[in-house]
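Undergrad: Once you've had a glance at the structure underneath, I'll fire off some questions.
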Amino acid sequence: MLQDIKITIIDREGEKHEVDAPTDMNMNIMELVRAYELAPEGTIGICGGMAMCASCQCYVINGDEVELPEMNPDEEAMLSEAFNVKDNSRLGCQLAIEPALAGLIVELAPE
Amino acid sequence: MNFAQKNYIMIQTDIIIIGAGPTGLFAVFEAGLLKLKCHLIDGLPQPGGQLTELYPKKPIFDIPGYPSVGAAELIDNLMEQIKQFQPGFTLNEVAEEIEKLEDGTFIVTTNKGTKHHGKAVAIAGGLGSFEPRKPELENLAFFEERGVEYFVKNPDMFQDKRIVIAGGGDSALDWSIYLADIAKEVHLVHRRNEFRGALDSVEKVQDLKNRGKINLVTPAEVIALQGEERLNSLVIEKEGVQEQIACDYFIPLFGLTPKLGPIANWGLEIEKNAIKVNNALDYQTNIPGIYAIGDVNTYPGKLKLILCGFHEATLMCQSVYNMLNPGKKYVLKYTTVSGINGFDGSRKEAEKAVVKSII
């Protein structure tokens with residue numbers, strides 16, 4: 001079994017949570033947030049992870065310290081329509097949890 | 001139909017189903033086997049819930065018996081499967097109020113005043129009712145109904161008007177195309193030069209733009225709304241430069257997002273944005289006669305899967321039947337054995353075997 005990595009999630013209230021994230025469960029950041037219940041059900045991952053709702057938008061705080069997957073056209077298009085988008089915005093559902101994400105810090109965008 | 005008339009007519013049914021997604025639709029089938037009539041209420045203009053609204057063309061791989069089925073195709077199949085039980089539909093209306101009468105029956109009233117009278121209520125509301133995603137603009141609420149619209153419900157009101165549409169998806173494209181013929185001016189504002197929509201729609205907009213029927217403003221964003229009594233202009237920022245555009249209507253089309261909505265105020269026990277139900281028995285809520293099935297409910301071990309919704313719908317129907325027919329003996333019938341008798345007089349049944357000797 002691969003080792004868990006540490007990922008820090010800053011919830012919508014500004015509270016920091018450093019959590020263990022499995023790299024062998026085919027999980028993404030949106031699912032990680034739901035698994036640890038860091039955002040109320042129904043407010044994140046509404047489309048189920050198809051890059052179609054932006055409810056899992058997050059800001060990557062330390063993008064220069066981790067290796068992020070490239071943005072696909074779906075994610076790019078969704079972020080172009082979403083609100084509160086910043087230069088460091090990503091959709092959590094498109095960030096698969098890989099060893100390269102160890103130490104990632106993300107902040108959840110407002111609902 | 002005017003308002004007074006609408007209030008006067010009350011839709012009568014056995015089970016009022018709130019939400020016309022896969023779970024709500026399948027409940028019609030199971031109810032029909034027990035000779036119970038259903039009427040569905042949904043805020044969207046078409047049945048199917050999330051499947052038709054969010055991802056009609058995506059495949060689903062975990063419907064038993066279907067290695068792969070398109071979301072819209074599954075809904076078409078469910079509609080076909082239930083049609084002989086003649087479900088009623090109140091679409092484009094959101095269930096807003098519920099009243100339990102002394103005899104234990106219910107009246108559910110929608111936001112448009114349509115009343116439904118039924119013996120039981122099944123909430124199959126999924127993630128809730130879809131509401132428009134609103135851009136963060138100062139005074140947006142003030143201008144709602146005064147020039148800001150989130151839907152094109154009555155195209156006549158846009159006749160010869162100056163319209164600004166914002167958004168980059170199918171609905172922004174489709175309504176721009178549609179209104180280009182009706183309105184005096186159509187401005188389409190989007191944050192990027194690229195649009196995400198059907199190829200046909202993108203090409204049509206390109207053509208209308210070339211012919212000067214649509215003024216495409218990209219990459220740009222609406223940043224302010226202006227007007228005294230109602231909207232008369234707005235400010236658009238394009239690559240750092242601000243420009244004022246005179247307009248009569250602003251239609252932001254940034255998609256829909258589900259909210260639990262009025263159901264949250266019905267006195268039901270809510271946990272994690274979902275309705276708590278008794279999963280040991282029949283998916284009834286804390287109010288007897290009101291059930292919650294599918295993604296809208298929660299209980300220990302809950303999984304938000306369509307196939308679980310089908311199961312929950314089935315047990316809900318049995319419970320309603322037992323509630324309406326106390327003490328009546330009931331034996332489960334298999335459709336293969338008994339066939340299906342539709343409310344429309346139709347009958348489906350297995351082909352009879354022939355008993356004949358072979359000589």
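Ligands are numbered from 1 in the order shown, residues from 1 within each chain, and chains are lettered A, B, ... in the order they appear in the structure tokens.
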Enumerate as JSON, numbers by chain all residues of range 101-303 of chain B assigned to strand (DSSP E) by DSSP on the backbone, naming them with the chain letters and numbers the document uses.
TA: {"B": [106, 107, 108, 109, 110, 115, 116, 117, 118, 120, 121, 122, 123, 129, 130, 131, 132, 162, 163, 164, 165, 166, 185, 186, 187, 188, 189, 215, 216, 217, 220, 221, 222, 223, 224, 225, 226, 233, 234, 235, 236, 237, 238, 241, 242, 243, 244, 245, 246, 249, 250, 251, 252, 256, 257, 258, 259, 270, 271, 274, 275, 276, 290, 291, 292, 297, 298]}
Undergrad: Can I get the selected residues back with C-alpha atoms, as a PDB file, in the first residue's frame?
TA:
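Printed below is out.pdb as written:
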ATOM      1  CA  PHE B 106     -51.975  16.547   2.491  1.00  0.00           C
ATOM      2  CA  ILE B 107     -52.192  19.667   0.366  1.00  0.00           C
ATOM      3  CA  VAL B 108     -48.977  20.724  -1.353  1.00  0.00           C
ATOM      4  CA  THR B 109     -48.962  24.206  -2.904  1.00  0.00           C
ATOM      5  CA  THR B 110     -46.364  25.392  -5.406  1.00  0.00           C
ATOM      6  CA  LYS B 115     -52.582  22.983  -5.208  1.00  0.00           C
ATOM      7  CA  HIS B 116     -52.238  19.225  -4.999  1.00  0.00           C
ATOM      8  CA  HIS B 117     -54.278  17.010  -2.695  1.00  0.00           C
ATOM      9  CA  GLY B 118     -52.894  13.573  -1.907  1.00  0.00           C
ATOM     10  CA  ALA B 120     -49.190  10.685   1.092  1.00  0.00           C
ATOM     11  CA  VAL B 121     -46.200  12.778   0.097  1.00  0.00           C
ATOM     12  CA  ALA B 122     -42.906  11.378  -1.179  1.00  0.00           C
ATOM     13  CA  ILE B 123     -40.079  13.863  -1.336  1.00  0.00           C
ATOM     14  CA  SER B 129     -34.643  22.675  -6.367  1.00  0.00           C
ATOM     15  CA  PHE B 130     -32.431  24.243  -8.991  1.00  0.00           C
ATOM     16  CA  GLU B 131     -31.930  27.941  -8.543  1.00  0.00           C
ATOM     17  CA  PRO B 132     -30.010  30.308 -10.825  1.00  0.00           C
ATOM     18  CA  ARG B 162     -31.978  46.125 -25.641  1.00  0.00           C
ATOM     19  CA  ILE B 163     -30.631  43.027 -23.925  1.00  0.00           C
ATOM     20  CA  VAL B 164     -27.351  42.054 -22.331  1.00  0.00           C
ATOM     21  CA  ILE B 165     -26.777  38.333 -21.790  1.00  0.00           C
ATOM     22  CA  ALA B 166     -23.837  37.138 -19.692  1.00  0.00           C
ATOM     23  CA  GLU B 185     -30.080  44.697 -29.577  1.00  0.00           C
ATOM     24  CA  VAL B 186     -28.395  41.642 -28.088  1.00  0.00           C
ATOM     25  CA  HIS B 187     -25.036  41.962 -26.355  1.00  0.00           C
ATOM     26  CA  LEU B 188     -23.381  38.730 -25.276  1.00  0.00           C
ATOM     27  CA  VAL B 189     -20.765  39.193 -22.569  1.00  0.00           C
ATOM     28  CA  ASN B 215     -22.693  42.272 -30.301  1.00  0.00           C
ATOM     29  CA  LEU B 216     -20.124  39.914 -28.797  1.00  0.00           C
ATOM     30  CA  VAL B 217     -18.187  41.415 -25.891  1.00  0.00           C
ATOM     31  CA  ALA B 220     -15.310  40.942 -20.544  1.00  0.00           C
ATOM     32  CA  GLU B 221     -17.423  41.035 -17.432  1.00  0.00           C
ATOM     33  CA  VAL B 222     -20.433  42.992 -16.240  1.00  0.00           C
ATOM     34  CA  ILE B 223     -19.267  44.867 -13.155  1.00  0.00           C
ATOM     35  CA  ALA B 224     -22.087  47.286 -12.290  1.00  0.00           C
ATOM     36  CA  LEU B 225     -25.807  47.799 -12.792  1.00  0.00           C
ATOM     37  CA  GLN B 226     -27.293  51.277 -13.123  1.00  0.00           C
ATOM     38  CA  SER B 233     -27.566  50.605 -18.317  1.00  0.00           C
ATOM     39  CA  LEU B 234     -24.681  48.545 -17.085  1.00  0.00           C
ATOM     40  CA  VAL B 235     -20.926  48.799 -16.931  1.00  0.00           C
ATOM     41  CA  ILE B 236     -18.763  46.241 -18.684  1.00  0.00           C
ATOM     42  CA  GLU B 237     -15.075  45.858 -18.111  1.00  0.00           C
ATOM     43  CA  LYS B 238     -13.143  44.580 -21.104  1.00  0.00           C
ATOM     44  CA  VAL B 241     -11.308  49.298 -19.942  1.00  0.00           C
ATOM     45  CA  GLN B 242     -14.762  50.159 -18.651  1.00  0.00           C
ATOM     46  CA  GLU B 243     -17.648  50.823 -20.967  1.00  0.00           C
ATOM     47  CA  GLN B 244     -21.265  51.718 -20.330  1.00  0.00           C
ATOM     48  CA  ILE B 245     -23.960  49.929 -22.326  1.00  0.00           C
ATOM     49  CA  ALA B 246     -27.550  51.146 -22.319  1.00  0.00           C
ATOM     50  CA  TYR B 249     -32.711  43.801 -19.636  1.00  0.00           C
ATOM     51  CA  PHE B 250     -29.755  41.968 -18.157  1.00  0.00           C
ATOM     52  CA  ILE B 251     -29.945  38.184 -18.277  1.00  0.00           C
ATOM     53  CA  PRO B 252     -27.086  36.474 -16.382  1.00  0.00           C
ATOM     54  CA  LEU B 256     -28.305  26.434 -11.958  1.00  0.00           C
ATOM     55  CA  THR B 257     -27.387  25.194  -8.534  1.00  0.00           C
ATOM     56  CA  PRO B 258     -29.579  23.055  -6.314  1.00  0.00           C
ATOM     57  CA  LYS B 259     -30.748  24.287  -2.911  1.00  0.00           C
ATOM     58  CA  ILE B 270     -32.755  17.746   8.638  1.00  0.00           C
ATOM     59  CA  GLU B 271     -29.171  16.548   8.947  1.00  0.00           C
ATOM     60  CA  ALA B 274     -30.742  16.009   3.835  1.00  0.00           C
ATOM     61  CA  ILE B 275     -33.977  14.714   5.370  1.00  0.00           C
ATOM     62  CA  LYS B 276     -33.672  12.090   8.088  1.00  0.00           C
ATOM     63  CA  ILE B 290     -44.342  12.207   4.453  1.00  0.00           C
ATOM     64  CA  TYR B 291     -41.558  10.069   3.002  1.00  0.00           C
ATOM     65  CA  ALA B 292     -38.166  11.049   1.625  1.00  0.00           C
ATOM     66  CA  ASN B 297     -32.728  11.593   2.439  1.00  0.00           C
ATOM     67  CA  THR B 298     -30.151  10.468   4.929  1.00  0.00           C
TER      68      THR B 298
END
Undergrad: Which residues are close to Ser55 in chain A, i.e. within 9 Å by only C-alpha atoms, leaving aside same-chain residues fewer than 4 positions away? Reply as a list of chain:residue names.
TA: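 After dropping sequence-adjacent residues, the list is A:Thr43, A:Ile44, A:Gly45, A:Ile46, A:Cys47, A:Ala82, A:Leu91, A:Gly92, A:Ala109, A:Pro110, A:Glu111, B:Thr257.
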Undergrad: Mind listing the helix (DSSP H, G or I) residues of chain A, per DSSP on the backbone, as a PyMOL selection string?
TA: chain A and resi 29-35+73-81+92-94+99-101
Undergrad: Would you save the residues of that selection, restricted to C-alpha atoms, as a PDB file, in the first residue's frame?
TA:
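Output below, filename selection-v3.pdb:
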ATOM      1  CA  ILE A  29      -9.491  16.885  -3.292  1.00  0.00           C
ATOM      2  CA  MET A  30     -13.258  17.425  -3.490  1.00  0.00           C
ATOM      3  CA  GLU A  31     -13.850  13.908  -2.204  1.00  0.00           C
ATOM      4  CA  LEU A  32     -11.244  14.393   0.489  1.00  0.00           C
ATOM      5  CA  VAL A  33     -13.100  17.458   1.757  1.00  0.00           C
ATOM      6  CA  ARG A  34     -16.334  15.464   1.815  1.00  0.00           C
ATOM      7  CA  ALA A  35     -14.727  12.469   3.479  1.00  0.00           C
ATOM      8  CA  PRO A  73     -10.525  22.159 -21.134  1.00  0.00           C
ATOM      9  CA  ASP A  74     -13.580  21.237 -19.028  1.00  0.00           C
ATOM     10  CA  GLU A  75     -12.065  22.624 -15.861  1.00  0.00           C
ATOM     11  CA  GLU A  76     -10.849  25.714 -17.655  1.00  0.00           C
ATOM     12  CA  ALA A  77     -14.295  26.352 -19.153  1.00  0.00           C
ATOM     13  CA  MET A  78     -16.036  25.868 -15.799  1.00  0.00           C
ATOM     14  CA  LEU A  79     -13.684  28.229 -14.033  1.00  0.00           C
ATOM     15  CA  SER A  80     -14.303  30.820 -16.716  1.00  0.00           C
ATOM     16  CA  GLU A  81     -17.953  30.861 -15.688  1.00  0.00           C
ATOM     17  CA  GLY A  92     -10.979  20.193  -6.273  1.00  0.00           C
ATOM     18  CA  CYS A  93     -12.620  17.371  -8.234  1.00  0.00           C
ATOM     19  CA  GLN A  94      -9.937  17.656 -10.912  1.00  0.00           C
ATOM     20  CA  PRO A  99       2.178  11.539  -4.104  1.00  0.00           C
ATOM     21  CA  ALA A 100       3.191  14.695  -6.022  1.00  0.00           C
ATOM     22  CA  LEU A 101       0.516  16.622  -4.094  1.00  0.00           C
TER      23      LEU A 101
END
Undergrad: Ranking A:Asn72, A:Glu41, A:Leu95, A:Gln57 by minimum distance to chain B and counting only C-alpha atoms, which one comes first?
TA: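 Of A:Asn72, A:Glu41, A:Leu95, A:Gln57, the one nearest chain B is A:Glu41, counting only C-alpha atoms.
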Undergrad: Work out how far CA of Leu40 in chain B is from CA of Ile17 in chain B, in Å to one decimal.
TA: 4.6 Å
Undergrad: For chain B against chain A, with a cut-off of 12 Å and counting only C-alpha atoms, what is the closest atom pair and its distance in Å to one decimal for every residue that makes the cut, ordered by chain and number, as a tab-separated table?
TA:
residue	atom	partner	partner_atom	distance
B:Gly49	CA	A:Cys47	CA	11.9
B:Gln50	CA	A:Cys47	CA	8.3
B:Leu51	CA	A:Cys47	CA	10.0
B:Glu53	CA	A:Cys47	CA	10.5
B:Leu54	CA	A:Cys47	CA	7.3
B:Tyr55	CA	A:Met52	CA	8.5
B:Lys58	CA	A:Met50	CA	9.5
B:Pro59	CA	A:Met50	CA	11.7
B:Gly126	CA	A:Gly42	CA	10.0
B:Leu127	CA	A:Gly42	CA	6.6
B:Gly128	CA	A:Gly42	CA	8.9
B:Ser129	CA	A:Gly42	CA	11.8
B:Phe130	CA	A:Ile46	CA	11.3
B:Pro132	CA	A:Cys53	CA	11.9
B:Arg133	CA	A:Phe83	CA	9.1
B:Lys134	CA	A:Phe83	CA	8.8
B:Pro135	CA	A:Phe83	CA	6.8
B:Glu136	CA	A:Phe83	CA	7.5
B:Leu137	CA	A:Phe83	CA	10.8
B:Ala166	CA	A:Glu81	CA	9.5
B:Gly167	CA	A:Glu81	CA	6.6
B:Gly168	CA	A:Glu81	CA	6.6
B:Gly169	CA	A:Glu81	CA	8.2
B:Asp170	CA	A:Glu81	CA	11.8
B:Ala172	CA	A:Glu81	CA	11.1
B:Val189	CA	A:Glu81	CA	11.2
B:His190	CA	A:Glu81	CA	8.1
B:Arg191	CA	A:Ser80	CA	6.2
B:Arg192	CA	A:Ser80	CA	6.7
B:Asn193	CA	A:Ser80	CA	10.0
B:Glu194	CA	A:Ala77	CA	8.0
B:Phe195	CA	A:Ala77	CA	7.7
B:Arg196	CA	A:Ala77	CA	6.6
B:Gly197	CA	A:Ala77	CA	10.2
B:Thr218	CA	A:Ser80	CA	11.7
B:Pro219	CA	A:Ser80	CA	10.0
B:Ala220	CA	A:Ser80	CA	10.9
B:Glu221	CA	A:Glu81	CA	10.3
B:Pro252	CA	A:Glu81	CA	10.7
B:Leu253	CA	A:Glu81	CA	9.4
B:Phe254	CA	A:Glu81	CA	6.5
B:Gly255	CA	A:Cys53	CA	8.2
B:Leu256	CA	A:Cys53	CA	8.4
B:Thr257	CA	A:Cys53	CA	7.5
B:Pro258	CA	A:Ile46	CA	7.9
B:Lys259	CA	A:Gly42	CA	7.8
B:Leu260	CA	A:Gly42	CA	8.4
B:Gly261	CA	A:Gly42	CA	11.8
B:Ile270	CA	A:Glu41	CA	11.6
B:Glu271	CA	A:Glu41	CA	9.2
B:Lys272	CA	A:Glu41	CA	5.4
B:Asn273	CA	A:Gly42	CA	6.0
B:Ala274	CA	A:Glu41	CA	8.2
B:Ile275	CA	A:Glu41	CA	11.9
B:Asp295	CA	A:Gly42	CA	10.2
B:Val296	CA	A:Gly42	CA	9.7
B:Asn297	CA	A:Gly42	CA	11.7
B:Thr298	CA	A:Glu41	CA	10.8
B:Lys304	CA	A:Gly48	CA	10.1
B:Leu305	CA	A:Gly48	CA	10.9
Undergrad: Ranking A:Met71, A:Met27, A:Ile61, A:Val85 by minimum distance to Gly103 in chain A and counting only C-alpha atoms, which one comes first?
TA: A:Ile61
Undergrad: Have a look at CA of Ile10 in chain A and CA of Asn28 in chain A and let me know their distance in Å, one decimal.
TA: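 Those two atoms sit 15.9 Å apart.
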Undergrad: From the set B:Leu332, B:Ile60, B:Cys247, B:Ala350, which residue has the shortest atom-to-atom contact distance to Ile75 in chain B, counting only C-alpha atoms?
TA: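 That would be B:Ile60, the residue with the smallest distance to Ile75 in chain B.
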Undergrad: Please indicate the distance in Å from CA of Asp207 in chain B to CA of Ser171 in chain B, rounded to one decimal place.
TA: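 Going from CA of Asp207 in chain B over to CA of Ser171 in chain B, I get 17.3 Å.
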Undergrad: As a short mmCIF file (atom, residue, chain, number, x, y, z; two decimals) with N, CA and C atoms, in the first residue's frame, please: the residues near range 336-344 of chain B (cut-off 12 Å, only C-alpha atoms, same-chain neighbours under 4 positions excluded).
TA:
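New file out-v4.cif:
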data_model
loop_
_atom_site.label_atom_id
_atom_site.label_comp_id
_atom_site.auth_asym_id
_atom_site.auth_seq_id
_atom_site.Cartn_x
_atom_site.Cartn_y
_atom_site.Cartn_z
N VAL B 28 -43.45 6.00 -9.43
CA VAL B 28 -44.73 5.93 -10.14
C VAL B 28 -45.01 4.49 -10.56
N PHE B 29 -43.96 3.80 -10.99
CA PHE B 29 -44.12 2.42 -11.44
C PHE B 29 -44.54 1.51 -10.28
N GLU B 30 -43.78 1.60 -9.18
CA GLU B 30 -44.07 0.74 -8.03
C GLU B 30 -45.44 1.06 -7.43
N ALA B 31 -45.81 2.34 -7.43
CA ALA B 31 -47.13 2.74 -6.93
C ALA B 31 -48.21 2.17 -7.85
N GLY B 32 -47.93 2.22 -9.15
CA GLY B 32 -48.91 1.75 -10.13
C GLY B 32 -49.23 0.27 -9.95
N LEU B 33 -48.23 -0.51 -9.60
CA LEU B 33 -48.45 -1.94 -9.37
C LEU B 33 -49.42 -2.14 -8.21
N LEU B 34 -49.46 -1.17 -7.30
CA LEU B 34 -50.35 -1.25 -6.15
C LEU B 34 -51.62 -0.44 -6.38
N LYS B 35 -51.84 -0.04 -7.63
CA LYS B 35 -53.02 0.73 -8.03
C LYS B 35 -53.10 2.09 -7.36
N LEU B 36 -51.94 2.65 -7.05
CA LEU B 36 -51.90 4.00 -6.48
C LEU B 36 -51.49 4.98 -7.57
N LYS B 37 -52.21 6.09 -7.64
CA LYS B 37 -51.90 7.13 -8.66
C LYS B 37 -50.88 8.12 -8.11
N CYS B 38 -50.07 8.66 -9.01
CA CYS B 38 -49.04 9.62 -8.58
C CYS B 38 -49.12 10.90 -9.39
N GLN B 81 -41.47 3.36 -19.16
CA GLN B 81 -41.84 2.30 -18.22
C GLN B 81 -43.06 2.67 -17.37
N ILE B 82 -43.25 3.96 -17.12
CA ILE B 82 -44.34 4.37 -16.21
C ILE B 82 -45.56 4.91 -16.94
N LYS B 83 -45.48 5.01 -18.25
CA LYS B 83 -46.54 5.77 -18.94
C LYS B 83 -47.93 5.17 -18.76
N GLN B 84 -48.03 3.83 -18.64
CA GLN B 84 -49.37 3.25 -18.50
C GLN B 84 -50.00 3.55 -17.15
N PHE B 85 -49.20 4.09 -16.24
CA PHE B 85 -49.77 4.48 -14.93
C PHE B 85 -50.12 5.97 -14.90
N GLN B 86 -50.05 6.60 -16.04
CA GLN B 86 -50.55 7.95 -16.27
C GLN B 86 -50.22 8.95 -15.16
N PRO B 87 -48.94 9.14 -14.88
CA PRO B 87 -48.60 10.12 -13.85
C PRO B 87 -48.95 11.53 -14.31
N VAL B 331 -50.01 -9.80 -0.76
CA VAL B 331 -48.90 -10.67 -1.15
C VAL B 331 -48.16 -10.01 -2.31
N LEU B 332 -46.86 -10.02 -2.23
CA LEU B 332 -46.05 -9.45 -3.30
C LEU B 332 -46.29 -10.20 -4.60
N LYS B 348 -49.83 -5.56 -20.01
CA LYS B 348 -48.61 -6.20 -20.47
C LYS B 348 -48.51 -7.51 -19.73
N GLU B 349 -48.17 -8.57 -20.42
CA GLU B 349 -48.00 -9.84 -19.71
C GLU B 349 -47.06 -10.75 -20.48
N ALA B 350 -46.56 -11.73 -19.75
CA ALA B 350 -45.68 -12.70 -20.38
C ALA B 350 -46.50 -13.56 -21.33
N GLU B 351 -45.87 -13.97 -22.40
CA GLU B 351 -46.54 -14.83 -23.35
C GLU B 351 -46.90 -16.16 -22.70
N LYS B 352 -48.12 -16.59 -22.92
CA LYS B 352 -48.56 -17.85 -22.30
C LYS B 352 -47.87 -19.06 -22.95
#
